Each structure stands twice: as C-alpha cells, then as structure tokens.
file start26.cif (mmCIF, C-alpha atoms and all ligand atoms)
data_structure
loop_
_atom_site.label_atom_id
_atom_site.label_comp_id
_atom_site.auth_asym_id
_atom_site.auth_seq_id
_atom_site.Cartn_x
_atom_site.Cartn_y
_atom_site.Cartn_z
CA MET A 1 -64.71 -19.18 -7.38
CA LYS A 2 -66.33 -20.05 -10.68
CA ALA A 3 -68.02 -17.42 -12.84
CA LYS A 4 -69.10 -16.76 -16.41
CA VAL A 5 -68.19 -13.59 -18.23
CA THR A 6 -69.29 -12.68 -21.74
CA LEU A 7 -66.66 -10.77 -23.67
CA LEU A 8 -67.81 -8.36 -26.37
CA SER A 9 -64.63 -7.02 -27.95
CA GLY A 10 -66.54 -5.13 -30.63
CA ASP A 11 -64.85 -2.81 -33.10
CA GLY A 12 -61.91 -0.44 -33.53
CA ILE A 13 -59.45 -0.69 -30.67
CA GLY A 14 -61.92 -2.89 -28.74
CA PRO A 15 -60.23 -6.23 -29.56
CA GLU A 16 -56.72 -4.89 -28.82
CA ILE A 17 -57.56 -3.58 -25.37
CA CYS A 18 -59.73 -6.60 -24.53
CA GLN A 19 -56.70 -8.84 -25.10
CA GLU A 20 -54.85 -6.87 -22.43
CA ALA A 21 -57.73 -7.24 -19.99
CA LEU A 22 -57.75 -10.99 -20.63
CA LYS A 23 -54.05 -11.24 -19.76
CA VAL A 24 -54.77 -9.50 -16.48
CA LEU A 25 -57.74 -11.77 -15.83
CA SER A 26 -55.55 -14.87 -16.33
CA ALA A 27 -53.04 -13.50 -13.86
CA ILE A 28 -55.86 -12.96 -11.35
CA GLU A 29 -57.19 -16.49 -11.89
CA ASP A 30 -53.74 -17.98 -11.34
CA LYS A 31 -52.89 -15.96 -8.29
CA TYR A 32 -56.24 -16.20 -6.51
CA ASP A 33 -57.31 -19.59 -7.80
CA HIS A 34 -60.49 -18.68 -9.66
CA GLU A 35 -62.04 -20.23 -12.71
CA ILE A 36 -63.64 -17.55 -14.79
CA GLU A 37 -65.06 -18.81 -18.03
CA VAL A 38 -64.88 -16.14 -20.72
CA ARG A 39 -67.16 -16.60 -23.70
CA GLU A 40 -66.73 -14.21 -26.59
CA ALA A 41 -69.68 -13.07 -28.66
CA LEU A 42 -70.24 -10.89 -31.71
CA PHE A 43 -71.28 -7.33 -31.02
CA GLY A 44 -71.36 -3.99 -32.83
CA GLY A 45 -70.18 -3.43 -36.39
CA ILE A 46 -68.48 -6.79 -36.71
CA ALA A 47 -71.78 -8.42 -35.70
CA ILE A 48 -73.63 -6.42 -38.36
CA ASP A 49 -71.15 -7.67 -40.96
CA GLN A 50 -71.52 -11.29 -39.91
CA THR A 51 -75.18 -11.54 -38.87
CA GLY A 52 -76.97 -8.37 -39.99
CA SER A 53 -77.62 -7.34 -36.37
CA PRO A 54 -75.35 -5.38 -33.96
CA TYR A 55 -76.77 -7.37 -30.99
CA PRO A 56 -77.56 -10.82 -32.37
CA ASP A 57 -79.79 -13.24 -30.48
CA GLN A 58 -76.91 -15.55 -29.70
CA THR A 59 -75.05 -12.67 -28.04
CA ARG A 60 -78.16 -11.72 -26.09
CA VAL A 61 -78.50 -15.28 -24.77
CA LEU A 62 -74.85 -15.48 -23.72
CA CYS A 63 -75.03 -12.11 -21.95
CA LYS A 64 -78.13 -13.19 -20.06
CA GLU A 65 -76.51 -16.44 -18.95
CA SER A 66 -73.44 -14.63 -17.58
CA ASP A 67 -72.53 -13.07 -14.27
CA ALA A 68 -71.19 -10.04 -16.09
CA VAL A 69 -70.34 -8.60 -19.50
CA LEU A 70 -66.98 -7.09 -20.39
CA LEU A 71 -67.23 -4.79 -23.38
CA GLY A 72 -64.54 -3.13 -25.52
CA ALA A 73 -66.06 -0.56 -27.86
CA VAL A 74 -68.35 -0.38 -30.88
CA GLY A 75 -68.59 1.66 -34.06
CA GLY A 76 -66.42 2.95 -36.86
CA PRO A 77 -66.56 4.74 -40.19
CA LYS A 78 -67.54 1.56 -42.03
CA TRP A 79 -70.94 1.59 -40.30
CA SER A 80 -71.53 5.30 -39.80
CA ASP A 81 -73.44 6.16 -42.97
CA PRO A 82 -76.39 8.21 -41.67
CA LYS A 83 -78.63 6.45 -44.18
CA SER A 84 -77.82 2.92 -43.02
CA GLU A 85 -80.60 0.80 -41.54
CA THR A 86 -78.77 -0.24 -38.43
CA ARG A 87 -75.70 0.96 -36.60
CA PRO A 88 -73.33 -0.57 -34.05
CA GLU A 89 -74.44 2.02 -31.47
CA LYS A 90 -78.01 0.72 -31.78
CA GLY A 91 -76.72 -2.63 -30.54
CA LEU A 92 -75.12 -0.95 -27.55
CA LEU A 93 -78.34 0.82 -26.60
CA ASP A 94 -80.44 -2.32 -27.17
CA MET A 95 -78.06 -4.33 -25.01
CA ARG A 96 -78.07 -1.82 -22.15
CA SER A 97 -81.85 -1.68 -22.20
CA ASP A 98 -82.34 -5.43 -22.66
CA LEU A 99 -80.07 -6.18 -19.71
CA GLY A 100 -81.71 -3.50 -17.55
CA VAL A 101 -78.47 -1.75 -16.60
CA TYR A 102 -79.93 1.66 -15.83
CA ALA A 103 -77.11 3.12 -13.74
CA ASN A 104 -73.82 3.97 -15.39
CA ILE A 105 -71.10 4.80 -12.89
CA ARG A 106 -68.08 6.72 -14.11
CA HIS A 107 -65.44 7.64 -11.57
CA ILE A 108 -63.19 10.55 -12.50
CA LYS A 109 -60.17 10.82 -10.27
CA THR A 110 -56.96 12.57 -11.13
CA TYR A 111 -53.81 10.49 -11.02
CA PRO A 112 -50.97 12.58 -9.55
CA GLN A 113 -48.62 10.89 -12.06
CA LEU A 114 -50.65 12.20 -14.99
CA ILE A 115 -51.46 15.66 -13.79
CA GLU A 116 -49.11 17.30 -16.29
CA ASN A 117 -50.92 15.58 -19.10
CA SER A 118 -54.22 17.34 -18.41
CA PRO A 119 -55.03 20.42 -20.48
CA ILE A 120 -56.34 22.02 -17.27
CA LYS A 121 -54.03 24.02 -14.97
CA ASN A 122 -52.66 21.90 -12.13
CA LYS A 123 -54.03 24.14 -9.38
CA TYR A 124 -57.58 23.09 -10.31
CA LEU A 125 -56.82 19.40 -10.31
CA GLU A 126 -55.81 18.61 -6.77
CA ASN A 127 -58.33 16.38 -4.97
CA VAL A 128 -60.54 15.85 -7.98
CA ASP A 129 -62.61 12.77 -7.20
CA ILE A 130 -66.02 12.76 -8.84
CA VAL A 131 -68.43 9.88 -9.26
CA PHE A 132 -70.85 10.39 -12.11
CA VAL A 133 -74.15 8.55 -11.96
CA ARG A 134 -75.58 8.61 -15.46
CA GLU A 135 -79.09 7.31 -16.18
CA LEU A 136 -78.48 4.85 -18.99
CA ILE A 137 -81.67 3.37 -20.40
CA GLY A 138 -84.10 6.26 -20.66
CA GLY A 139 -84.41 9.83 -21.87
CA ILE A 140 -83.76 11.08 -25.37
CA TYR A 141 -81.68 8.02 -26.31
CA PHE A 142 -84.72 5.80 -26.04
CA GLY A 143 -87.71 8.05 -26.84
CA GLN A 144 -89.70 7.94 -30.04
CA LYS A 145 -87.54 8.74 -33.06
CA GLU A 146 -88.66 9.72 -36.51
CA ARG A 147 -86.89 10.94 -39.53
CA ASN A 148 -87.71 11.79 -43.10
CA GLU A 149 -85.98 13.94 -45.63
CA ASN A 150 -87.06 17.31 -44.22
CA ASP A 151 -87.93 16.56 -40.67
CA ALA A 152 -86.58 14.59 -37.72
CA MET A 153 -87.56 14.10 -34.10
CA ASP A 154 -86.13 12.59 -30.88
CA VAL A 155 -88.47 12.52 -27.91
CA CYS A 156 -87.04 12.90 -24.39
CA GLN A 157 -89.20 11.26 -21.76
CA TYR A 158 -88.62 10.27 -18.13
CA THR A 159 -91.00 8.74 -15.62
CA LYS A 160 -90.93 9.51 -11.92
CA ASP A 161 -89.95 5.90 -11.18
CA GLU A 162 -86.98 6.06 -13.52
CA ILE A 163 -85.78 9.23 -11.81
CA ILE A 164 -86.28 7.75 -8.35
CA ARG A 165 -84.29 4.59 -9.05
CA ILE A 166 -81.29 6.43 -10.49
CA THR A 167 -81.40 8.99 -7.66
CA GLN A 168 -81.32 6.11 -5.18
CA VAL A 169 -78.06 4.92 -6.74
CA ALA A 170 -76.59 8.40 -6.34
CA ILE A 171 -77.80 8.52 -2.72
CA GLU A 172 -76.19 5.18 -1.92
CA LEU A 173 -72.87 6.26 -3.40
CA ALA A 174 -72.94 9.72 -1.81
CA SER A 175 -73.72 8.21 1.60
CA ALA A 176 -70.46 6.28 1.47
CA ARG A 177 -68.56 9.40 0.34
CA LYS A 178 -69.01 13.09 1.16
CA ASN A 179 -72.83 13.11 1.30
CA LYS A 180 -73.09 15.54 -1.55
CA ILE A 181 -75.05 15.19 -4.80
CA THR A 182 -75.01 17.65 -7.66
CA SER A 183 -77.95 16.98 -9.94
CA VAL A 184 -77.56 18.30 -13.48
CA ASP A 185 -80.53 19.30 -15.61
CA LYS A 186 -81.92 21.94 -17.97
CA ALA A 187 -84.93 22.81 -15.83
CA ASN A 188 -85.15 26.33 -17.25
CA VAL A 189 -86.20 24.83 -20.59
CA MET A 190 -87.06 21.13 -20.49
CA ALA A 191 -90.11 19.48 -18.94
CA THR A 192 -88.18 16.28 -18.21
CA SER A 193 -85.63 18.35 -16.31
CA GLN A 194 -88.36 20.04 -14.27
CA LEU A 195 -89.70 16.63 -13.27
CA TRP A 196 -86.12 15.46 -12.60
CA ARG A 197 -85.49 18.43 -10.30
CA SER A 198 -88.70 18.03 -8.33
CA VAL A 199 -88.40 14.25 -7.92
CA THR A 200 -84.76 14.38 -6.77
CA THR A 201 -85.54 17.24 -4.36
CA ASP A 202 -88.61 15.53 -2.84
CA LEU A 203 -86.83 12.21 -2.38
CA ILE A 204 -83.66 13.59 -0.85
CA GLU A 205 -85.24 16.30 1.29
CA SER A 206 -87.89 13.98 2.71
CA GLN A 207 -85.78 10.92 3.44
CA PHE A 208 -82.08 11.73 3.27
CA LYS A 209 -81.58 14.87 5.30
CA ASP A 210 -77.84 14.22 5.68
CA ILE A 211 -77.31 14.61 1.96
CA GLU A 212 -76.56 18.01 0.55
CA LEU A 213 -78.31 18.36 -2.81
CA GLU A 214 -77.21 20.97 -5.31
CA HIS A 215 -78.98 21.54 -8.67
CA ILE A 216 -77.04 22.92 -11.56
CA LEU A 217 -78.01 23.65 -15.14
CA VAL A 218 -76.11 21.61 -17.66
CA ASP A 219 -74.60 24.58 -19.49
CA ALA A 220 -73.26 25.94 -16.19
CA ALA A 221 -72.11 22.44 -15.25
CA THR A 222 -69.75 22.37 -18.24
CA MET A 223 -68.05 25.48 -16.85
CA HIS A 224 -68.03 24.45 -13.21
CA LEU A 225 -66.44 21.13 -14.08
CA LEU A 226 -63.43 23.07 -15.31
CA SER A 227 -63.42 25.96 -12.83
CA ARG A 228 -64.12 24.05 -9.58
CA PRO A 229 -63.82 20.32 -10.29
CA SER A 230 -62.71 19.46 -6.77
CA ASP A 231 -66.00 20.76 -5.30
CA PHE A 232 -67.98 17.86 -6.72
CA ASP A 233 -68.62 14.54 -5.06
CA VAL A 234 -71.44 12.66 -6.81
CA ILE A 235 -72.88 14.12 -10.01
CA LEU A 236 -76.27 12.80 -11.07
CA ALA A 237 -77.34 13.30 -14.67
CA ASP A 238 -79.73 11.99 -17.27
CA ASN A 239 -78.57 9.89 -20.18
CA LEU A 240 -77.59 12.64 -22.63
CA PHE A 241 -76.12 15.11 -20.15
CA GLY A 242 -74.21 12.29 -18.43
CA ASP A 243 -72.75 11.20 -21.75
CA ILE A 244 -71.51 14.67 -22.60
CA LEU A 245 -70.26 15.69 -19.16
CA THR A 246 -68.25 12.51 -18.59
CA ASP A 247 -66.27 13.01 -21.79
CA GLU A 248 -65.54 16.54 -20.67
CA ALA A 249 -64.60 15.41 -17.16
CA SER A 250 -62.25 12.75 -18.48
CA MET A 251 -59.94 15.56 -19.59
CA LEU A 252 -59.35 16.38 -15.94
CA THR A 253 -57.44 13.11 -15.71
CA GLY A 254 -55.49 13.84 -18.86
CA SER A 255 -56.77 11.01 -21.02
CA ILE A 256 -60.15 9.48 -21.70
CA GLY A 257 -58.22 6.23 -22.08
CA MET A 258 -57.93 5.99 -18.29
CA ILE A 259 -61.62 5.88 -17.38
CA PRO A 260 -63.58 2.69 -16.73
CA SER A 261 -67.30 2.39 -16.21
CA ALA A 262 -69.83 0.07 -14.64
CA SER A 263 -73.40 -0.19 -15.85
CA LEU A 264 -75.55 -1.73 -13.16
CA GLY A 265 -79.15 -2.77 -12.59
CA ASN A 266 -80.83 -4.14 -9.50
CA GLU A 267 -78.82 -7.35 -9.18
CA SER A 268 -75.09 -7.95 -9.09
CA PHE A 269 -74.99 -8.40 -12.88
CA GLY A 270 -73.31 -5.57 -14.76
CA VAL A 271 -71.78 -4.43 -18.04
CA TYR A 272 -68.26 -3.05 -17.77
CA GLU A 273 -66.64 -0.92 -20.44
CA PRO A 274 -64.14 1.91 -20.78
CA ILE A 275 -65.86 5.22 -21.53
CA HIS A 276 -63.81 5.96 -24.64
CA GLY A 277 -65.11 4.81 -27.98
CA SER A 278 -63.69 2.53 -30.66
CA ALA A 279 -61.07 5.13 -31.75
CA PRO A 280 -60.84 3.87 -35.36
CA ASP A 281 -58.15 6.47 -36.09
CA ILE A 282 -55.66 4.55 -33.94
CA GLN A 283 -56.95 1.03 -34.46
CA ASN A 284 -54.44 -1.75 -35.26
CA GLN A 285 -51.47 0.47 -34.51
CA GLY A 286 -50.86 -1.08 -31.10
CA ILE A 287 -50.89 2.31 -29.39
CA ALA A 288 -54.26 2.34 -27.60
CA ASN A 289 -54.24 2.81 -23.84
CA PRO A 290 -55.60 -0.37 -22.22
CA CYS A 291 -56.01 1.18 -18.72
CA GLY A 292 -59.71 2.07 -19.01
CA MET A 293 -60.41 -1.49 -20.15
CA ILE A 294 -58.28 -3.11 -17.45
CA LEU A 295 -59.84 -0.89 -14.79
CA SER A 296 -63.28 -1.90 -16.11
CA LEU A 297 -62.29 -5.50 -15.42
CA ALA A 298 -61.48 -4.44 -11.85
CA LEU A 299 -64.98 -2.99 -11.49
CA LEU A 300 -66.45 -6.23 -12.84
CA LEU A 301 -64.60 -8.25 -10.22
CA ARG A 302 -65.64 -5.84 -7.47
CA HIS A 303 -69.33 -5.37 -8.27
CA SER A 304 -70.49 -8.50 -10.06
CA LEU A 305 -68.16 -11.14 -8.58
CA LYS A 306 -67.63 -9.50 -5.16
CA LEU A 307 -63.85 -9.96 -5.42
CA GLU A 308 -62.66 -6.81 -3.70
CA THR A 309 -59.07 -7.94 -3.08
CA GLU A 310 -58.63 -8.93 -6.71
CA ALA A 311 -60.19 -5.66 -7.93
CA SER A 312 -57.83 -3.67 -5.73
CA ALA A 313 -54.88 -5.72 -6.98
CA ILE A 314 -55.66 -4.62 -10.53
CA GLU A 315 -56.04 -1.00 -9.51
CA SER A 316 -52.70 -1.15 -7.68
CA ALA A 317 -51.07 -2.72 -10.75
CA VAL A 318 -52.27 0.17 -12.91
CA ASN A 319 -51.07 2.67 -10.34
CA GLU A 320 -47.70 0.95 -10.09
CA THR A 321 -47.38 0.96 -13.87
CA LEU A 322 -47.93 4.71 -13.92
CA ASN A 323 -45.48 5.14 -11.03
CA GLN A 324 -42.86 3.41 -13.13
CA GLY A 325 -43.50 5.88 -15.95
CA ILE A 326 -44.83 3.20 -18.29
CA TYR A 327 -47.18 5.13 -20.53
CA THR A 328 -48.99 4.70 -23.82
CA ALA A 329 -48.81 7.55 -26.33
CA ASP A 330 -51.92 9.34 -25.05
CA LEU A 331 -50.21 9.86 -21.68
CA SER A 332 -46.78 11.04 -22.70
CA ASN A 333 -44.84 12.18 -25.72
CA LYS A 334 -41.63 10.36 -24.99
CA ASP A 335 -40.54 6.78 -24.26
CA VAL A 336 -44.01 5.34 -24.78
CA VAL A 337 -44.93 1.65 -24.79
CA ASP A 338 -47.32 -0.29 -26.99
CA THR A 339 -50.75 -1.46 -25.89
CA ALA A 340 -49.45 -5.00 -25.48
CA HIS A 341 -46.14 -4.16 -23.75
CA ASN A 342 -47.34 -2.68 -20.54
CA GLY A 343 -46.58 -5.59 -18.20
CA PHE A 344 -49.74 -5.15 -16.13
CA SER A 345 -50.28 -8.85 -15.65
CA ASN A 346 -46.77 -9.22 -14.16
CA ARG A 347 -47.70 -6.68 -11.49
CA ILE A 348 -50.72 -8.64 -10.22
C1 LIG A 401 -70.80 6.14 -24.22
C2 LIG A 401 -70.86 6.27 -25.71
C3 LIG A 401 -72.19 5.77 -26.21
C4 LIG A 401 -73.28 6.60 -25.57
C5 LIG A 401 -72.30 5.77 -27.74
C6 LIG A 401 -71.22 4.94 -28.39
C7 LIG A 401 -73.67 5.34 -28.21
O1 LIG A 401 -70.62 7.59 -26.10
O2 LIG A 401 -70.94 5.01 -23.71
O3 LIG A 401 -70.60 7.15 -23.55
O4 LIG A 401 -73.62 7.68 -26.07
O5 LIG A 401 -73.83 6.16 -24.56
MG MG A 402 -70.02 8.86 -24.52
#

call {"tool": "encode", "arguments": {"input": "start26.cif", "output": "structure tokens"}}
result
Amino acid sequence: MKAKVTLLSGDGIGPEICQEALKVLSAIEDKYDHEIEVREALFGGIAIDQTGSPYPDQTRVLCKESDAVLLGAVGGPKWSDPKSETRPEKGLLDMRSDLGVYANIRHIKTYPQLIENSPIKNKYLENVDIVFVRELIGGIYFGQKERNENDAMDVCQYTKDEIIRITQVAIELASARKNKITSVDKANVMATSQLWRSVTTDLIESQFKDIELEHILVDAATMHLLSRPSDFDVILADNLFGDILTDEASMLTGSIGMIPSASLGNESFGVYEPIHGSAPDIQNQGIANPCGMILSLALLLRHSLKLETEASAIESAVNETLNQGIYTADLSNKDVVDTAHNGFSNRI
C-alpha cells in the first residue's frame, strides 16, 4: 500500500528514537512491499528556534495531508523559562486540538521479562493489562488561562458531548475486552467531575448494560493502581488525571520507555507517540530506550493504515528482543545496548 506519514522528531531524545522507528519502518516496507512516504516537519522547541512557533503552519499543513503523524517528544530546559512567550508543549496541545485527536489510548501491560525491573513487588504485577482512555483535547489543559504577577488561573471545563464521545471510546474498547470500565474523577470536589460521573453513568447504564462501570476518585486511584493493578481493565479519565495516572502506571511495567500511545479522533487518522517526554538529561548519549517509539509505530500501522499483520510483527520483534535479554540502560544494569544497537529491524 501507499501512505503518507508526517514525522515530528521534536526535541531531546525524540530524534534518536525516531531514527530507530524509521529503521523498523523500512524493514516493514521491504518485507511487506509497502511504500510509506515519510515527511519530516519542524515541531516543538526546535521549531520555536527556527520559526518562532512550536507548531508552524507548514507543519500543520503536512500533518493534515497525512494518513498519520509519528511524534518523538518535545521540550527541554532551553525552552522552559516560565516567563517565555511560547513553549514547545503549547505546540503539542495546539496540534492535538487542531487535528481533533480527542482520545489518547495508553496500554499498560507488564512484560514478564521486565517484571524484576518494576519498583512494585512481583506478586502485584501478574496479569496487569490496563487500557487507559485519556480525554486529550479538553479540560484544564484547554480552559481559559490567565496569569499576572500575583495571580494565576486555569479553568477546567467539560461539555456533556465531550464526555460522551470519550466514554464511547472506552465502551468500544471495554466491549472487546473484559467489559469493565473504571472512570476516574474528583466528584467530591469538582463540578466537571460531577458532570463526568453523571454522564458516564447515564450513558452506560441506559445503553450498555453488559458493561460494569466503577467510579473511583483520583486520589484513591493512585493507590489502587499500586495495590490492585490487575483488577483494572479500561480506565477512563479526563485530560489531567489521565496524564498523571499513566505516568504512575508506567512504573508497573518497569520503564516509561516501554509505553506507546495512540491519539485518535473520529477517522482513521491518528498521532502516535511514546508517553515519555524528551528526557533532556539523557539526550545525545545514545542510551534512550526506543521501544515506546517503535511500539507507537506499530499502533500507527494498526489503527491508521489498517496493517494488523505488520503491527503484530513489530510487537513480536520487541518481545523477541526482550526475550534475548537485549536491553537499554533503563531496563537493566548490566550488559546494556545503545539506542541504535538493538537490532529490531533484523527481527521483522
Ligand atoms: C504527555 C505529556 C504532555 C501532556 C506534556 C508534554 C504537555 O506529559 O503526553 O503525557 O501533559 O499531555
Ligand atoms: Mg504526561
């Protein structure tokens, strides 16, 4: 098949791990006879340096003309002055909103090979397989913001329609899994959470009687994720809570470097990125774990290009790599390999 992918390598370790994903993509193209045109565009801090904007118009146009976007990471100390006019992260939020990708899917599954690497006791980690559905283009990230010297404000707002559409994504995923949704909120304090709780309850109880719906307050959710992680199936959360809980949950797998994500809207188009950030502290040392990035490519092939066999081939290659004990430094403290010497593409 022919397809167009826009590559946004971004900042920090972004370019290093994107190179690894590109090697894997070439191996897929060769083996399965596809022609996937990859066009790279400026994004994040590097785009601010070169154009003044973290999400320049030219990047916007390329993204919109593509079947999917593959994204490394954005941000770094160079652009993190709280007083600066624009930040790389603003580009990320603008891009997500502009492209309408409201559902961010983050799958947290423990790899038996890595279980010793998790800070959590092994007995809690068996059968952990959680799909997070994070609302991505609403809530406090996108509400009115104001700031002056003595006063600042971030408004959190959700409409019923926004809650319904993200709940429908959770329902669809749960229906193909264990039919269980845990919705996370702070309904004892926040008005948006009260609306969230009533909309999710009405929708699921009226139309999806097979689905078990559990509500849990976000503070309790942080504990339950550690004390009973294998009880969860699909976790539904707003933008901020989903952001925080998925970083926490990544520790169940032992390294945030392992986790890919898909940000989807109503069509097959999507933005695919690992959930870790730009990790400037390890940038240019060749030690970053490329797995989250490579697994994000697998999700791109599966969801946007409908190439299930190819997506599974990548996931098997990652699994096989771990089976062979080929680890980057975040996964082991001995005999580690560099970002670029993992041999993934040879296992396709
Ligand atoms: C993520 C990141 C972003 C977010 C940052 C970089 C703005 O933490 O994708 O989880 O908060 O959404
Ligand atoms: Mg985050």

call {"tool": "closest_residue", "arguments": {"input": "start26.cif", "among": "A:Met153, A:Val131, A:Ile259, A:Ala313", "to": "ligand MG 402 (chain A)", "atoms": "all atoms listed in the file"}}
result
A:Ile259

call {"tool": "closest_atom_pairs", "arguments": {"input": "start26.cif", "of": "chain A", "to": "ligand MG 402 (chain A)", "cutoff": "12 Å", "atoms": "only C-alpha atoms and all ligand atoms", "output": "JSON lines"}}
result
{"residue": "A:Ala73", "atom": "CA", "partner": "A:MG402", "partner_atom": "MG", "distance": 10.8}
{"residue": "A:Val74", "atom": "CA", "partner": "A:MG402", "partner_atom": "MG", "distance": 11.3}
{"residue": "A:Glu89", "atom": "CA", "partner": "A:MG402", "partner_atom": "MG", "distance": 10.7}
{"residue": "A:Leu92", "atom": "CA", "partner": "A:MG402", "partner_atom": "MG", "distance": 11.5}
{"residue": "A:Leu93", "atom": "CA", "partner": "A:MG402", "partner_atom": "MG", "distance": 11.8}
{"residue": "A:Asn104", "atom": "CA", "partner": "A:MG402", "partner_atom": "MG", "distance": 11.0}
{"residue": "A:Arg106", "atom": "CA", "partner": "A:MG402", "partner_atom": "MG", "distance": 10.8}
{"residue": "A:Arg134", "atom": "CA", "partner": "A:MG402", "partner_atom": "MG", "distance": 10.6}
{"residue": "A:Leu136", "atom": "CA", "partner": "A:MG402", "partner_atom": "MG", "distance": 10.9}
{"residue": "A:Tyr141", "atom": "CA", "partner": "A:MG402", "partner_atom": "MG", "distance": 11.8}
{"residue": "A:Asn239", "atom": "CA", "partner": "A:MG402", "partner_atom": "MG", "distance": 9.6}
{"residue": "A:Leu240", "atom": "CA", "partner": "A:MG402", "partner_atom": "MG", "distance": 8.7}
{"residue": "A:Phe241", "atom": "CA", "partner": "A:MG402", "partner_atom": "MG", "distance": 9.8}
{"residue": "A:Gly242", "atom": "CA", "partner": "A:MG402", "partner_atom": "MG", "distance": 8.1}
{"residue": "A:Asp243", "atom": "CA", "partner": "A:MG402", "partner_atom": "MG", "distance": 4.5}
{"residue": "A:Ile244", "atom": "CA", "partner": "A:MG402", "partner_atom": "MG", "distance": 6.3}
{"residue": "A:Leu245", "atom": "CA", "partner": "A:MG402", "partner_atom": "MG", "distance": 8.7}
{"residue": "A:Thr246", "atom": "CA", "partner": "A:MG402", "partner_atom": "MG", "distance": 7.2}
{"residue": "A:Asp247", "atom": "CA", "partner": "A:MG402", "partner_atom": "MG", "distance": 6.2}
{"residue": "A:Glu248", "atom": "CA", "partner": "A:MG402", "partner_atom": "MG", "distance": 9.7}
{"residue": "A:Ala249", "atom": "CA", "partner": "A:MG402", "partner_atom": "MG", "distance": 11.2}
{"residue": "A:Ser250", "atom": "CA", "partner": "A:MG402", "partner_atom": "MG", "distance": 10.6}
{"residue": "A:Ile256", "atom": "CA", "partner": "A:MG402", "partner_atom": "MG", "distance": 10.3}
{"residue": "A:Ile259", "atom": "CA", "partner": "A:MG402", "partner_atom": "MG", "distance": 11.4}
{"residue": "A:Pro260", "atom": "CA", "partner": "A:MG402", "partner_atom": "MG", "distance": 11.8}
{"residue": "A:Ser261", "atom": "CA", "partner": "A:MG402", "partner_atom": "MG", "distance": 10.9}
{"residue": "A:Glu273", "atom": "CA", "partner": "A:MG402", "partner_atom": "MG", "distance": 11.1}
{"residue": "A:Pro274", "atom": "CA", "partner": "A:MG402", "partner_atom": "MG", "distance": 9.8}
{"residue": "A:Ile275", "atom": "CA", "partner": "A:MG402", "partner_atom": "MG", "distance": 6.3}
{"residue": "A:His276", "atom": "CA", "partner": "A:MG402", "partner_atom": "MG", "distance": 6.9}
{"residue": "A:Gly277", "atom": "CA", "partner": "A:MG402", "partner_atom": "MG", "distance": 7.2}
{"residue": "A:Ser278", "atom": "CA", "partner": "A:MG402", "partner_atom": "MG", "distance": 10.9}

call {"tool": "axis_aligned_box", "arguments": {"input": "start26.cif", "around": "ligand LIG 401 (chain A)", "padding_each_side": "8 Å", "output": "lines of an AutoDock Vina configuration file"}}
result
center_x = -72.2
center_y = 6.3
center_z = -26.0
size_x = 19.2
size_y = 18.7
size_z = 20.8

call {"tool": "residues_around", "arguments": {"input": "start26.cif", "residues": "Lys160 of chain A", "least_positions_apart": "3", "cutoff": "8 Å", "atoms": "all atoms listed in the file", "output": "PDB file with C-alpha atoms, keeping the file's coordinate frame"}}
result
ATOM      1  CA  ILE A 163     -85.780   9.230 -11.810  1.00  0.00           C
ATOM      2  CA  ILE A 164     -86.280   7.750  -8.350  1.00  0.00           C
ATOM      3  CA  LEU A 195     -89.700  16.630 -13.270  1.00  0.00           C
ATOM      4  CA  TRP A 196     -86.120  15.460 -12.600  1.00  0.00           C
ATOM      5  CA  VAL A 199     -88.400  14.250  -7.920  1.00  0.00           C
TER       6      VAL A 199
END

call {"tool": "residues_around", "arguments": {"input": "start26.cif", "residues": "Ser345 of chain A", "least_positions_apart": "6", "cutoff": "9 Å", "atoms": "only C-alpha atoms", "output": "number ranges by chain"}}
result
A: 20-21, 23-28, 314, 317

call {"tool": "closest_residue", "arguments": {"input": "start26.cif", "among": "A:Ala311, A:Met251, A:Val128, A:Ile137", "to": "Ile166 of chain A", "atoms": "only C-alpha atoms"}}
result
A:Ile137

call {"tool": "atom_distance", "arguments": {"input": "start26.cif", "atom1": "atom C7 of ligand LIG 401 (chain A)", "atom2": "atom CA of Ala152 of chain A"}}
result
18.5 Å

call {"tool": "closest_residue", "arguments": {"input": "start26.cif", "among": "A:Ser263, A:Gln50, A:Ser66, A:Gln157", "to": "ligand LIG 401 (chain A)", "atoms": "all atoms listed in the file"}}
result
A:Ser263

call {"tool": "residues_around", "arguments": {"input": "start26.cif", "residues": "Gly10 of chain A", "least_positions_apart": "4", "cutoff": "7 Å", "atoms": "all atoms listed in the file", "output": "ChimeraX atom specification"}}
result
/A:14-15,42-44,46,72-74

call {"tool": "residues_around", "arguments": {"input": "start26.cif", "residues": "Ala187 of chain A", "least_positions_apart": "2", "cutoff": "12 Å", "atoms": "only C-alpha atoms", "output": "list of chain:residue names"}}
result
A:Ser183, A:Val184, A:Asp185, A:Val189, A:Met190, A:Ala191, A:Thr192, A:Ser193, A:Gln194, A:Leu195, A:Trp196, A:Arg197, A:Ser198, A:His215, A:Ile216, A:Leu217, A:Val218, A:Asp219

call {"tool": "residues_around", "arguments": {"input": "start26.cif", "residues": "Thr6 of chain A", "least_positions_apart": "4", "cutoff": "6 Å", "atoms": "all atoms listed in the file", "output": "list in words"}}
result
Val38, Arg39, Glu40, Cys63 and Val69 of chain A

call {"tool": "atom_distance", "arguments": {"input": "start26.cif", "atom1": "atom CA of Tyr272 of chain A", "atom2": "atom CA of Leu297 of chain A"}}
result
6.9 Å

call {"tool": "atom_distance", "arguments": {"input": "start26.cif", "atom1": "atom CA of Ile282 of chain A", "atom2": "atom CA of Ser332 of chain A"}}
result
15.7 Å
